[in-house]
Structure formats: C-alpha cells, structure tokens
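Participant: Below is a structure I'd like to ask you about.
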Amino acid sequence: MGCDALKDGRGVAVADLNGDGLLDLVIGNNNASPTIYINSQTECGNWLDIDLGPATPKGGRDPLGARVDVVVRLGSGTRTVSRWVEAGAGYASQSDYTLHFGLGEARVVESVRVTWPGLPTRTYSGVEINPFFNKTVSLRGASTPVSRRRPPVTALSERPKARGQ
Amino acid sequence: MKRWKTWIRGAAVVALMLAVVAGIGTIYAGRFMRRLDTEHARFLECGQSINLFLKHYGQELVRAQQSGDLGPVLAAYVEDYRSPGRGHWKLGPEVDLGSAALSRFEANGRDDYRCAELSVEFAEYLAGLSDVKSVKCKINLIEDVVPDESAVITVKYILDGRDHHGRLLEDRFFFRWRLRKATLPSGLRDWRIVGDELVGGERVAGFANGFLSPTPSTVGVDYVHRRDPKLDPSTHALKFAVIQHSSGGISAVDFDDDTLVDLFFSDGLQSRLYKNVTNLGASSALPAFRDVTTEAGLDGIDQAQCALFVDIDNDGDRDLYVVRYLAPGRLFINRGDGTFTDASRGSGLDFVIPATAATFFDYDGDGRPDLYVGSNGNAFKASPNIPFYATNGEPNRLYRNVDGRRFEDVTAASGTGDTGWTLAVTASDFDGDGHVDLGVANDFGRKILYRNNGNGTFTDVTKAAGVLDFSGGMGLAFGDMNFDGRPDLYTSNINSNQRWFGEEVTLWQYGRNLWRSGWLSHDFAEMRDLYNLLGDDWRKLGKMIGEGNSLFFNQGDGTFREIQDSGTDRAGWSWGVALLDMDNDTDLDIVVSNGWISGKNQDDL
C-alpha cells in the first residue's frame, strides 16, 4: 500500500488534509519525525463529508456523541453507514471532527439521519443533501444544509471516480 | 488426672504425626516443585533454541533466493523428511482489493512429500519473487514438546519482497512443523524439520502507490518528536523505563475553523501547532503547513502526551487541552481568532497524574464536554505489579465540566477510577441508550467497558459484555464495521513473538515463584479478582495476552462477539489504531500505527 514506514509509531490521526475527498493519515513517531500519508488511491468511491454544529441547548462547536446515518442505494438494496462525533480515540490521538462517508458506487444519497445528543433525530431527504454529493455539507444550525467552503482541488477534479468506471 | 495425662499424650502424638506428615509433604512438595522448575527451564531453553533455528531458516531462504542454491534451506529438513498427504502448496487466484491484491496460500491435492518434491516446490515459490527483503520465522505456538528430542510447533512465516510485476508483497503463512533435535548440529543449529503441514496463509501485493509519503519538511512540517527529558533512564532513576517510549500523540483538527485540517504534535520538550495553508486551487496533491505555535500563543508546552481540541466553553470555537505525564494538565481557551489564552489555573484541569490518554465526552448530557483521563503508573515509584493484570497504576480521572471554565473531579462518585496502567481511553454509546459509555485499554492488563448508567455513575460491564481482552492494551477504537448501526470495537494490543512462551507451564511457574517469594499473599486480592473474571479460562491467559489485536462485533444486547480469523490480529506491536474508510467504499478499514494491515474487513470476514 505504500504505507509501511519503519518507525516507532504511536498516535494515528485521520483527516482529509488536501481536500480531495480521500482520508489521509498522520502518524506520530516516538523520537522521530512524523509520517504523513497522503491518500492517492485512484479507484475510490464517491463521498460525502458532514460537519455538524451546535444544536444542543448549550450550543458549542461540535456536538460530542452526535450520530449520523447516511442511507445509500448500493446495487439492489440500501446500506446505512453510521459515524459518531468523538474527541480522542485510539492511542493519544484526535482525528478531524468532520464525519467522512464513503459512498461506493452510489450516485445519490437516499437520506441522512442526524441524532444530536438528547434531541430527536432529524432526517434530511436526499433532495436536501444531494447538492453536496462529493462535497462537504455543513449542518450547523440545523435549519438548511449549506456547503462548507472547501472547494474541490482542480487538479484532482477527475477524482474521485466510483469504482468500476 | 490420669485421663488428663492420656489426653495430653494423645494430643502430642497427633501433633507429632501431623508434623511428620507436614514435613514429608514439604519435602515432596519441594522436590515436586524443583522438578517443575527444571521442566519449565527446559521448556524455555528448548523454545529459545527452536527460535534460533527458525531465524537461520529465514536467513537461508533469503540467501537461496539470491544465489539460487536451495541446499542450505533443504539442510533444515531431515534426509528422511516425509509428509504424507501434504499436497502441493501454492498461491491461489488473486482477489482485487482496489490498490492491493490478496491471494491465499493453499494446499492442493494430497500428494505425499519427500525432499525431492520439496525442492521443486521451493524453486517454484522462489521463482515467483524478483526480490526478497526479509524472511522472518517465529514460533507461534509450541503444541507439543519433549525437550532435547522433538517438538510440534506452529510457525509464523513473514516474507517481504517484490514480484516480477514490480509489486511490493508480503507473505504471511502459518505452518505446523514436526521437529527433531539434530544429532549433528550444523549451520542451521539444533533442529530439523521432520514433517510439515500448511495451517494457512495469504499474500498481499500492491504497487505501493496508494499513499504518497512526502518528507514532512517538504510540506512545511519540520517537526521531530523529542522525549520528555525527565523520562530518560540514563539520567533519572526510573522504576519503569519503558515509559520513555510512550509519547508521540497527534491531533488532526481544524483549530481555526477555516475548513482546512491543522496538526498538533504533543512533544516532550516543545509541542508544535501547524496550520494547514494548502491552496486548494493549486495543482499539487500535497498539502502545505506552517508552524504557528508562537503566534497562536502555544509556546513552551512540554512533557505533553496528547492534546485535544474541543469547544470547552461552548462559545463556538475549539479550545485546547493538553494532557501531560506527571506535569499539570494545561487548558488553553481559543480567543476565536486562532490564538489561545492559558486558562489552566483555576480550571481544575491542572492536576498532576501520570496521564497518557484522554477523551472528551458529554457523560451527563448537559451539552458541556466532560473529560476522562487515562492514567498510567508513576514510573518513578513503581513498575507494573503483575505482568498480566497490573493494578498498581494511578486511578483514571473523570472531570465534570461545571460551567465551561471550571471542572470538578467526579472520579469517586462515578466509579471510573480504574488503577490499571492505562494507555488509551475512548468514549462511545455502545448500547445506544443515549448515555455515552467509556472504553479503557490497559497495558499489562485488560480492557474496561464502563457503562454509563445515566445518573452520574458507571458500571464495569466488561466481563458481561465479553470484551475483557487481556493483553498489553495499547489502543482501542469504536466504529460500525458491519452496517448494523452499532459501534463495534477494535483493540490494538501487543502481538508478542513471545506468544509461545505464554503456556500453562509458564503460568504455573509464575504461580510457584509467587508462592515461594511470599508475594502470593501480597497479590492475593488481584489473583482472586483475576479468577473471578476468568474462571477456569485463566489457563488460557498466556494465549490471550500474546494473541494480538482483537475485533469485537456489537450484538446489540449489551454484549460483543469476538471475530476470530478476521485477518486483523497479528498486526505486530500495535500502538495507535484508527478506523476509517480509506477508499470511500462505505466500509471501515483499519490502520494500526506500526503499518497498515487490513483494507477490507467485509471481504475478509
């Protein structure tokens, strides 16, 4: 995979560092420089990034414990992909708050369910979310989804391709 | 009076008899124990000599690929080597994993094998390789042994090299070898292979172009991790010197909310913050970073283990909390413009413990992030008291966020002060009841799953949930691996090459040593606790400890089911672990910080 550096590896953090829709890795190494892996795989699926915002009574930038379920149609059935907002996991690491959803060959999202802690689940329809397909959608404020700034990288605009194309 | 005398005489006789019986018993017990000691010593010595044999076997195989001379490899087999019905071993068809291909190493047919057939098979296998970087062979298990005579072992075989397409590849095979002690030890040391059997194996091959790995300084990250000087065993009296290896925490969070993800490195001398300054319109696929530690007001953060960016005061920006080892924790409030103010004093978070890990989560549902800190032991005062169930670490701590600036210690009231040698903590509502639970990974110990009862208290439900996972725990991560909407659990553990050593005979030896040294009574509480947790399974403790990483599927009823043979264990000595969908195909892949291991859990299971 090209991801096998020999160092005294410790923390692993995950984030899309170059905004191309593929998750990259940074590995902290003890007594050495870190290792940065920029994901450059070519046969990858579509994606959706979701940035949640304050919706709890106390507000706050990131609703810790919030859960997002993205329903996509794959083949003849649907698949629900679930992610949670967390702060600190693995070994001495913290990964980006933006929730990253790989969508495989799916072309549209059926729906997105967001469960903020202590609040009823809100369901966004595919119509609301699909403008943000292969982009980052901000659900902060929870009224209407808006695009986060992060524009696609022009040189990588061919990507991501759904597998099999 | 006479009756009284008779009674005394009788009592004396009984006492004498008891003393004699006890004396004889002690002598016999002593002899028995000495015999067991000898047995254990022979077992150890035997294992070590087999491992030496395996090491040479691997080296000879590398040389054979280069020289084309199989002689020295075949010399590892006895002349009358014979494996009836063994079949021909070769790699099966490749399964495409996207940027890598997987093929299984399988036994075909049921041909009998002798040395002649063996050399043909070796030649065929080596012909498929254009380059061999290394071959590592280690004892996986000693299944049966007569020291100085014979042994049946399973061998872990790992070859790293390249094929004729130029692809990098790794073979991971498991063999069962019947060994015989050589009458004439030669260059291959003391043992010979009498017969062999394929347990299983696979090859992963790829062009290694899935990831670019730029030199960090070329993308603006000129950081090099340095250890905390107070943890240098050459200048400080440490009882647990291993602690110097523990740091190396990393955070990848957008601290200034400009949509680009920034990096923070926790360091022993000077932690550093790098702002992501990638020009998204540029043609480069590489990101760019700039060191903004000083301008952000974050100079001088030393002795750091891990750092978390969290909106602690709920004002809409991400603040910073730095966990330090035996140094006061530090809290920095984000001014909203990407610069920070030190707010440690009076926060309640400037406590001093041998902290190694932390997670923020909202345990009481008030919308404010609370803090759980994992504590190791104090390396200046102690080392782990029991190598497989150390309980003399300092208690983990739970701090309740009172008003966004002040925290109160609720460890005792919440019941979350585990005293294992904690290396990782994480939060997840594993049972989906809306109250976020805690997971703890302890080195020299077990995992802990604290169920949040929703009333400020937690209950240790690890045993009932089936995730005790005794081992040298290094990390753990929750994530839904199988699309049922429930968080599954992946743990990273030491996968020791000393696994073979963790047999019952060694556990008994440990027990005898404890008994003789008088430590048994000292450790009695822990041993009883251990027995309560494991029951008769304590005999398997050695196996559990050496077995590497574990994957547990959440069954939705508060319990987990361990997934065997998922291809996710044996990732080496694992520290950090992360679950991520690295190819956007919807399923979670696993990355362990000693190397990548398993891209496709769905396919592997």
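Starting from 1 in every chain, residues are counted up; chains themselves are A, B, ... following the order of the structure tokens, and ligands are numbered from 1 as listed.
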Write out as number ranges by chain the residues lying within 8 Å of stretch 376-387 of chain B, counting only C-alpha atoms and excluding same-chain residues fewer than 6 positions away.
Facilitator: B: 237-241, 243, 326, 353-356, 393-394, 420-423, 444-445
Participant: For the selection just defined, write its residues with C-alpha atoms to a file, as a PDB file, in the first residue's frame.
Facilitator:
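As a result, result09.pdb now contains:
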ATOM      1  CA  ALA B 237      16.001   6.855  38.487  1.00  0.00           C
ATOM      2  CA  LEU B 238      13.027   5.190  36.826  1.00  0.00           C
ATOM      3  CA  LYS B 239      11.395   2.025  38.051  1.00  0.00           C
ATOM      4  CA  PHE B 240       9.597   1.644  34.736  1.00  0.00           C
ATOM      5  CA  ALA B 241      11.921   2.882  31.981  1.00  0.00           C
ATOM      6  CA  ILE B 243       7.584   4.897  29.822  1.00  0.00           C
ATOM      7  CA  LEU B 326       3.360  13.829  35.814  1.00  0.00           C
ATOM      8  CA  ILE B 353      -1.020  12.379  37.361  1.00  0.00           C
ATOM      9  CA  PRO B 354       0.949  10.014  35.106  1.00  0.00           C
ATOM     10  CA  ALA B 355      -1.552  10.781  32.349  1.00  0.00           C
ATOM     11  CA  THR B 356      -1.181   9.149  28.961  1.00  0.00           C
ATOM     12  CA  GLY B 393      -1.277   2.269  38.296  1.00  0.00           C
ATOM     13  CA  GLU B 394      -2.775   5.555  39.410  1.00  0.00           C
ATOM     14  CA  GLY B 420      -4.632  -0.300  35.599  1.00  0.00           C
ATOM     15  CA  TRP B 421      -1.685   1.025  33.572  1.00  0.00           C
ATOM     16  CA  THR B 422      -3.937   2.816  31.112  1.00  0.00           C
ATOM     17  CA  LEU B 423      -2.651   3.741  27.683  1.00  0.00           C
ATOM     18  CA  PHE B 444      -0.253  -5.331  31.350  1.00  0.00           C
ATOM     19  CA  GLY B 445      -3.945  -5.868  31.886  1.00  0.00           C
TER      20      GLY B 445
END
Participant: Write out as a list of chain:residue names the residues lying within 6 Å of B:Leu551, counting only C-alpha atoms and excluding same-chain residues fewer than 5 positions away.
Facilitator: B:Leu489, B:Tyr490, B:Glu562, B:Ile563
Participant: Any chance you could export the current selection's all heavy atoms as an mmCIF file, in the first residue's frame?
Facilitator:
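Final output, result00.cif:
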data_model
loop_
_atom_site.group_PDB
_atom_site.id
_atom_site.type_symbol
_atom_site.label_atom_id
_atom_site.label_comp_id
_atom_site.auth_asym_id
_atom_site.auth_seq_id
_atom_site.Cartn_x
_atom_site.Cartn_y
_atom_site.Cartn_z
ATOM 1 N N LEU B 489 -16.032 -2.794 18.227
ATOM 2 C CA LEU B 489 -14.827 -2.420 18.960
ATOM 3 C C LEU B 489 -13.604 -3.107 18.372
ATOM 4 O O LEU B 489 -13.599 -4.316 18.153
ATOM 5 C CB LEU B 489 -14.978 -2.812 20.441
ATOM 6 C CG LEU B 489 -13.759 -2.616 21.345
ATOM 7 C CD1 LEU B 489 -13.374 -1.152 21.454
ATOM 8 C CD2 LEU B 489 -14.035 -3.185 22.737
ATOM 9 N N TYR B 490 -12.582 -2.302 18.103
ATOM 10 C CA TYR B 490 -11.302 -2.867 17.671
ATOM 11 C C TYR B 490 -10.249 -2.454 18.688
ATOM 12 O O TYR B 490 -10.171 -1.295 19.058
ATOM 13 C CB TYR B 490 -10.926 -2.356 16.279
ATOM 14 C CG TYR B 490 -9.657 -2.978 15.739
ATOM 15 C CD1 TYR B 490 -9.655 -4.301 15.296
ATOM 16 C CD2 TYR B 490 -8.463 -2.285 15.698
ATOM 17 C CE1 TYR B 490 -8.512 -4.899 14.815
ATOM 18 C CE2 TYR B 490 -7.307 -2.873 15.219
ATOM 19 C CZ TYR B 490 -7.338 -4.180 14.771
ATOM 20 O OH TYR B 490 -6.183 -4.781 14.304
ATOM 21 N N GLU B 562 -16.483 -11.828 19.771
ATOM 22 C CA GLU B 562 -15.148 -11.665 19.183
ATOM 23 C C GLU B 562 -15.104 -12.363 17.836
ATOM 24 O O GLU B 562 -15.554 -13.499 17.686
ATOM 25 C CB GLU B 562 -14.068 -12.236 20.108
ATOM 26 C CG GLU B 562 -12.691 -12.000 19.493
ATOM 27 C CD GLU B 562 -11.528 -12.176 20.456
ATOM 28 O OE1 GLU B 562 -11.765 -12.633 21.595
ATOM 29 O OE2 GLU B 562 -10.393 -11.869 20.054
ATOM 30 N N ILE B 563 -14.584 -11.630 16.844
ATOM 31 C CA ILE B 563 -14.488 -12.177 15.498
ATOM 32 C C ILE B 563 -13.132 -12.839 15.356
ATOM 33 O O ILE B 563 -12.097 -12.180 15.424
ATOM 34 C CB ILE B 563 -14.658 -11.068 14.437
ATOM 35 C CG1 ILE B 563 -15.967 -10.325 14.678
ATOM 36 C CG2 ILE B 563 -14.612 -11.642 13.040
ATOM 37 C CD1 ILE B 563 -17.198 -11.196 14.704
#
Participant: For A:Thr121, please output as a PyMOL selection string all residues within 10 Å (counting only C-alpha atoms; exclusion window: fewer than 6 positions along the same chain).
Facilitator: chain A and resi 66-68+113-115
Participant: Give me the residues of stretch 36-68 of chain A that have any atom at most 12 Å from an atom of stretch 318-322 of chain B; for each, the nearest atom pair and the distance in Å, rounded to one decimal. Use only C-alpha atoms, sort by chain and number, and format it as JSON lines.
Facilitator:
{"residue": "A:Gly53", "atom": "CA", "partner": "B:Arg318", "partner_atom": "CA", "distance": 11.9}
{"residue": "A:Gly60", "atom": "CA", "partner": "B:Arg318", "partner_atom": "CA", "distance": 8.8}
{"residue": "A:Arg61", "atom": "CA", "partner": "B:Arg318", "partner_atom": "CA", "distance": 6.8}
{"residue": "A:Asp62", "atom": "CA", "partner": "B:Arg318", "partner_atom": "CA", "distance": 8.5}
{"residue": "A:Pro63", "atom": "CA", "partner": "B:Arg318", "partner_atom": "CA", "distance": 11.8}
Participant: Store the residues picked out above in a file with C-alpha atoms, as a PDB file, in the first residue's frame.
Facilitator:
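Written output follows (result-v8.pdb):
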ATOM      1  CA  GLY A  53     -22.762  22.198  14.506  1.00  0.00           C
ATOM      2  CA  GLY A  60     -20.895  24.502  21.226  1.00  0.00           C
ATOM      3  CA  ARG A  61     -18.855  23.898  18.102  1.00  0.00           C
ATOM      4  CA  ASP A  62     -19.093  20.104  17.971  1.00  0.00           C
ATOM      5  CA  PRO A  63     -21.904  18.014  19.406  1.00  0.00           C
TER       6      PRO A  63
END
Participant: To one decimal place, how far is atom CA of B:Asn51 from atom CA of B:Arg63 in Å?
Facilitator: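 Pair atom CA of B:Asn51 / atom CA of B:Arg63 returns 18.7 Å.
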Participant: So, counting only C-alpha atoms, which residue among B:Glu94, B:Asp337, B:Asp315, B:Asp299 is closest to chain A?
Facilitator: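 Checking each of B:Glu94, B:Asp337, B:Asp315, B:Asp299 against chain A, counting only C-alpha atoms, the winner is B:Asp315.
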Participant: Each residue of chain B with at least one atom at most 6 Å from chain A should appear once, together with its nearest atom pair and the corresponding distance in Å (one decimal); atoms considered: only C-alpha atoms; ordering: chain, then increasing residue number; output as JSON lines.
Facilitator:
{"residue": "B:Gly206", "atom": "CA", "partner": "A:Met1", "partner_atom": "CA", "distance": 6.0}
{"residue": "B:Ala208", "atom": "CA", "partner": "A:Gly2", "partner_atom": "CA", "distance": 3.8}
{"residue": "B:Asn209", "atom": "CA", "partner": "A:Gly2", "partner_atom": "CA", "distance": 5.7}
{"residue": "B:Gly210", "atom": "CA", "partner": "A:Gln41", "partner_atom": "CA", "distance": 4.4}
{"residue": "B:Phe211", "atom": "CA", "partner": "A:Asn39", "partner_atom": "CA", "distance": 4.5}
{"residue": "B:Leu212", "atom": "CA", "partner": "A:Ile38", "partner_atom": "CA", "distance": 4.9}
{"residue": "B:Ser213", "atom": "CA", "partner": "A:Tyr37", "partner_atom": "CA", "distance": 4.7}
{"residue": "B:Tyr223", "atom": "CA", "partner": "A:Ser33", "partner_atom": "CA", "distance": 5.9}
{"residue": "B:Val224", "atom": "CA", "partner": "A:Ser33", "partner_atom": "CA", "distance": 4.1}
{"residue": "B:His225", "atom": "CA", "partner": "A:Asn31", "partner_atom": "CA", "distance": 4.8}
{"residue": "B:Arg226", "atom": "CA", "partner": "A:Asn31", "partner_atom": "CA", "distance": 4.9}
{"residue": "B:Gly248", "atom": "CA", "partner": "A:Gly28", "partner_atom": "CA", "distance": 5.0}
{"residue": "B:Gly249", "atom": "CA", "partner": "A:Ala92", "partner_atom": "CA", "distance": 4.6}
{"residue": "B:Ile250", "atom": "CA", "partner": "A:Ser93", "partner_atom": "CA", "distance": 5.0}
{"residue": "B:Ser251", "atom": "CA", "partner": "A:Gln94", "partner_atom": "CA", "distance": 4.5}
{"residue": "B:Ala252", "atom": "CA", "partner": "A:Ser95", "partner_atom": "CA", "distance": 5.0}
{"residue": "B:Val253", "atom": "CA", "partner": "A:Asp96", "partner_atom": "CA", "distance": 4.6}
{"residue": "B:Val261", "atom": "CA", "partner": "A:Leu17", "partner_atom": "CA", "distance": 5.8}
{"residue": "B:Leu280", "atom": "CA", "partner": "A:Val153", "partner_atom": "CA", "distance": 5.2}
{"residue": "B:Gly281", "atom": "CA", "partner": "A:Val153", "partner_atom": "CA", "distance": 5.4}
{"residue": "B:Ser283", "atom": "CA", "partner": "A:Ala155", "partner_atom": "CA", "distance": 4.8}
{"residue": "B:Pro287", "atom": "CA", "partner": "A:Asn18", "partner_atom": "CA", "distance": 4.9}
{"residue": "B:Cys306", "atom": "CA", "partner": "A:Ala92", "partner_atom": "CA", "distance": 5.0}
{"residue": "B:Asp311", "atom": "CA", "partner": "A:Arg61", "partner_atom": "CA", "distance": 5.7}
{"residue": "B:Asn314", "atom": "CA", "partner": "A:Gly60", "partner_atom": "CA", "distance": 3.7}
{"residue": "B:Asp315", "atom": "CA", "partner": "A:Gly60", "partner_atom": "CA", "distance": 5.7}
{"residue": "B:Gly316", "atom": "CA", "partner": "A:Arg61", "partner_atom": "CA", "distance": 4.4}
{"residue": "B:Asp317", "atom": "CA", "partner": "A:Arg61", "partner_atom": "CA", "distance": 5.8}
{"residue": "B:Ala357", "atom": "CA", "partner": "A:Ala92", "partner_atom": "CA", "distance": 5.2}
{"residue": "B:Thr359", "atom": "CA", "partner": "A:Gly88", "partner_atom": "CA", "distance": 4.6}
{"residue": "B:Phe360", "atom": "CA", "partner": "A:Ala87", "partner_atom": "CA", "distance": 5.5}
{"residue": "B:Phe361", "atom": "CA", "partner": "A:Leu64", "partner_atom": "CA", "distance": 5.8}
{"residue": "B:Gly367", "atom": "CA", "partner": "A:Lys58", "partner_atom": "CA", "distance": 5.3}
{"residue": "B:Ala424", "atom": "CA", "partner": "A:Tyr91", "partner_atom": "CA", "distance": 5.3}
{"residue": "B:Thr426", "atom": "CA", "partner": "A:Ala89", "partner_atom": "CA", "distance": 4.9}
{"residue": "B:Gly475", "atom": "CA", "partner": "A:Gly90", "partner_atom": "CA", "distance": 4.7}
{"residue": "B:Leu476", "atom": "CA", "partner": "A:Gly90", "partner_atom": "CA", "distance": 4.8}
{"residue": "B:Ala477", "atom": "CA", "partner": "A:Gly90", "partner_atom": "CA", "distance": 5.3}
{"residue": "B:Phe483", "atom": "CA", "partner": "A:Thr80", "partner_atom": "CA", "distance": 5.9}
{"residue": "B:Gly485", "atom": "CA", "partner": "A:Ser82", "partner_atom": "CA", "distance": 5.8}
{"residue": "B:Trp575", "atom": "CA", "partner": "A:Arg10", "partner_atom": "CA", "distance": 5.3}
{"residue": "B:Gly576", "atom": "CA", "partner": "A:Tyr91", "partner_atom": "CA", "distance": 4.4}
{"residue": "B:Val577", "atom": "CA", "partner": "A:Gly90", "partner_atom": "CA", "distance": 5.0}
{"residue": "B:Met582", "atom": "CA", "partner": "A:Leu23", "partner_atom": "CA", "distance": 5.7}
{"residue": "B:Asp583", "atom": "CA", "partner": "A:Cys44", "partner_atom": "CA", "distance": 4.8}
{"residue": "B:Asn584", "atom": "CA", "partner": "A:Gly102", "partner_atom": "CA", "distance": 3.5}
{"residue": "B:Asp585", "atom": "CA", "partner": "A:Gly104", "partner_atom": "CA", "distance": 4.0}
{"residue": "B:Thr586", "atom": "CA", "partner": "A:Gly102", "partner_atom": "CA", "distance": 4.4}
{"residue": "B:Ser593", "atom": "CA", "partner": "A:Gly9", "partner_atom": "CA", "distance": 5.1}
{"residue": "B:Asn594", "atom": "CA", "partner": "A:Gly9", "partner_atom": "CA", "distance": 5.4}
{"residue": "B:Gly595", "atom": "CA", "partner": "A:Asp4", "partner_atom": "CA", "distance": 4.7}
Participant: Ranking A:Arg73, A:Pro145, A:Val108, A:Pro120 by minimum distance to A:Phe133 and counting only C-alpha atoms, which one comes first?
Facilitator: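 Smallest distance to A:Phe133 is found for A:Val108.
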Participant: Which parts of stretch 324-416 of chain B does DSSP call strand (DSSP E) when run on the backbone here, written out as JSON, numbers by chain?
Facilitator: {"B": [324, 330, 331, 332, 333, 334, 340, 341, 342, 355, 356, 357, 358, 359, 360, 361, 370, 371, 372, 373, 374, 375, 397, 398, 399, 400, 401, 407, 408, 409]}
Participant: Hey, can you spit out that residue selection with N, CA and C atoms as a short mmCIF file (atom, residue, chain, number, x, y, z; two decimals), in the first residue's frame?
Facilitator:
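The resulting file, result18.cif, is reproduced below:
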data_model
loop_
_atom_site.label_atom_id
_atom_site.label_comp_id
_atom_site.auth_asym_id
_atom_site.auth_seq_id
_atom_site.Cartn_x
_atom_site.Cartn_y
_atom_site.Cartn_z
N ARG B 324 -0.50 15.91 30.16
CA ARG B 324 0.95 15.79 30.38
C ARG B 324 1.23 14.70 31.41
N ARG B 330 -2.82 21.29 30.91
CA ARG B 330 -2.93 22.71 30.53
C ARG B 330 -4.14 22.93 29.63
N LEU B 331 -4.88 23.98 30.00
CA LEU B 331 -6.09 24.33 29.25
C LEU B 331 -5.88 25.67 28.56
N PHE B 332 -6.14 25.74 27.27
CA PHE B 332 -6.00 26.98 26.51
C PHE B 332 -7.34 27.30 25.86
N ILE B 333 -7.82 28.52 26.11
CA ILE B 333 -9.10 28.93 25.54
C ILE B 333 -8.85 29.67 24.22
N ASN B 334 -9.57 29.23 23.18
CA ASN B 334 -9.45 29.84 21.86
C ASN B 334 -10.13 31.21 21.90
N PHE B 340 -4.65 31.60 21.46
CA PHE B 340 -5.12 30.95 22.67
C PHE B 340 -4.67 31.69 23.94
N THR B 341 -5.48 31.58 24.98
CA THR B 341 -5.15 32.14 26.30
C THR B 341 -5.04 30.98 27.29
N ASP B 342 -3.95 30.98 28.06
CA ASP B 342 -3.76 29.93 29.05
C ASP B 342 -4.78 30.11 30.19
N ALA B 355 -0.52 10.88 33.38
CA ALA B 355 -1.55 10.78 32.35
C ALA B 355 -0.95 10.39 31.00
N THR B 356 -1.65 9.56 30.29
CA THR B 356 -1.18 9.15 28.96
C THR B 356 -2.21 9.39 27.87
N ALA B 357 -3.49 9.45 28.23
CA ALA B 357 -4.52 9.50 27.19
C ALA B 357 -5.73 10.24 27.73
N ALA B 358 -6.56 10.75 26.84
CA ALA B 358 -7.76 11.45 27.29
C ALA B 358 -8.81 11.47 26.20
N THR B 359 -10.04 11.63 26.62
CA THR B 359 -11.12 11.83 25.67
C THR B 359 -12.14 12.77 26.30
N PHE B 360 -12.72 13.63 25.48
CA PHE B 360 -13.82 14.47 25.94
C PHE B 360 -15.12 13.84 25.49
N PHE B 361 -16.10 13.85 26.34
CA PHE B 361 -17.43 13.33 26.00
C PHE B 361 -18.42 13.95 26.98
N ASP B 370 -17.20 16.90 28.96
CA ASP B 370 -16.53 16.46 30.18
C ASP B 370 -15.26 15.72 29.77
N LEU B 371 -14.35 15.55 30.73
CA LEU B 371 -13.04 14.98 30.41
C LEU B 371 -12.79 13.68 31.16
N TYR B 372 -12.36 12.67 30.43
CA TYR B 372 -11.89 11.43 31.06
C TYR B 372 -10.42 11.27 30.71
N VAL B 373 -9.58 11.11 31.73
CA VAL B 373 -8.14 10.98 31.51
C VAL B 373 -7.67 9.60 31.94
N GLY B 374 -6.92 8.96 31.06
CA GLY B 374 -6.34 7.67 31.38
C GLY B 374 -4.99 7.86 32.04
N SER B 375 -4.76 7.16 33.14
CA SER B 375 -3.51 7.30 33.87
C SER B 375 -2.73 6.00 33.85
N ARG B 397 -9.14 9.44 35.79
CA ARG B 397 -9.96 10.51 36.38
C ARG B 397 -11.08 10.93 35.45
N LEU B 398 -12.22 11.23 36.05
CA LEU B 398 -13.33 11.81 35.30
C LEU B 398 -13.60 13.20 35.87
N TYR B 399 -13.62 14.19 34.99
CA TYR B 399 -13.87 15.57 35.39
C TYR B 399 -15.13 16.10 34.72
N ARG B 400 -16.04 16.61 35.53
CA ARG B 400 -17.28 17.17 35.02
C ARG B 400 -17.09 18.65 34.70
N ASN B 401 -17.51 19.02 33.52
CA ASN B 401 -17.46 20.41 33.09
C ASN B 401 -18.59 21.16 33.79
N PHE B 407 -13.80 22.72 36.11
CA PHE B 407 -14.12 21.29 36.11
C PHE B 407 -14.03 20.75 37.53
N GLU B 408 -14.87 19.78 37.85
CA GLU B 408 -14.75 19.15 39.17
C GLU B 408 -14.49 17.65 39.02
N ASP B 409 -13.66 17.14 39.93
CA ASP B 409 -13.29 15.73 39.92
C ASP B 409 -14.47 14.88 40.41
#
Participant: Report the distance between atom CA of B:Ile50 and atom CA of B:Phe175 in Å, rounded to one decimal place.
Facilitator: 14.2 Å
Participant: What is the distance between atom CA of B:Ala327 and atom CA of B:Arg290, in Å to one decimal?
Facilitator: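 Atom-to-atom, atom CA of B:Ala327 to atom CA of B:Arg290, that is 27.9 Å.
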Participant: Smallest atom-to-atom distance to B:Arg172: which of B:Ala304, B:Ala116, B:Leu91, B:Val436, using only C-alpha atoms?
Facilitator: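 Closest to B:Arg172, using only C-alpha atoms: B:Leu91.
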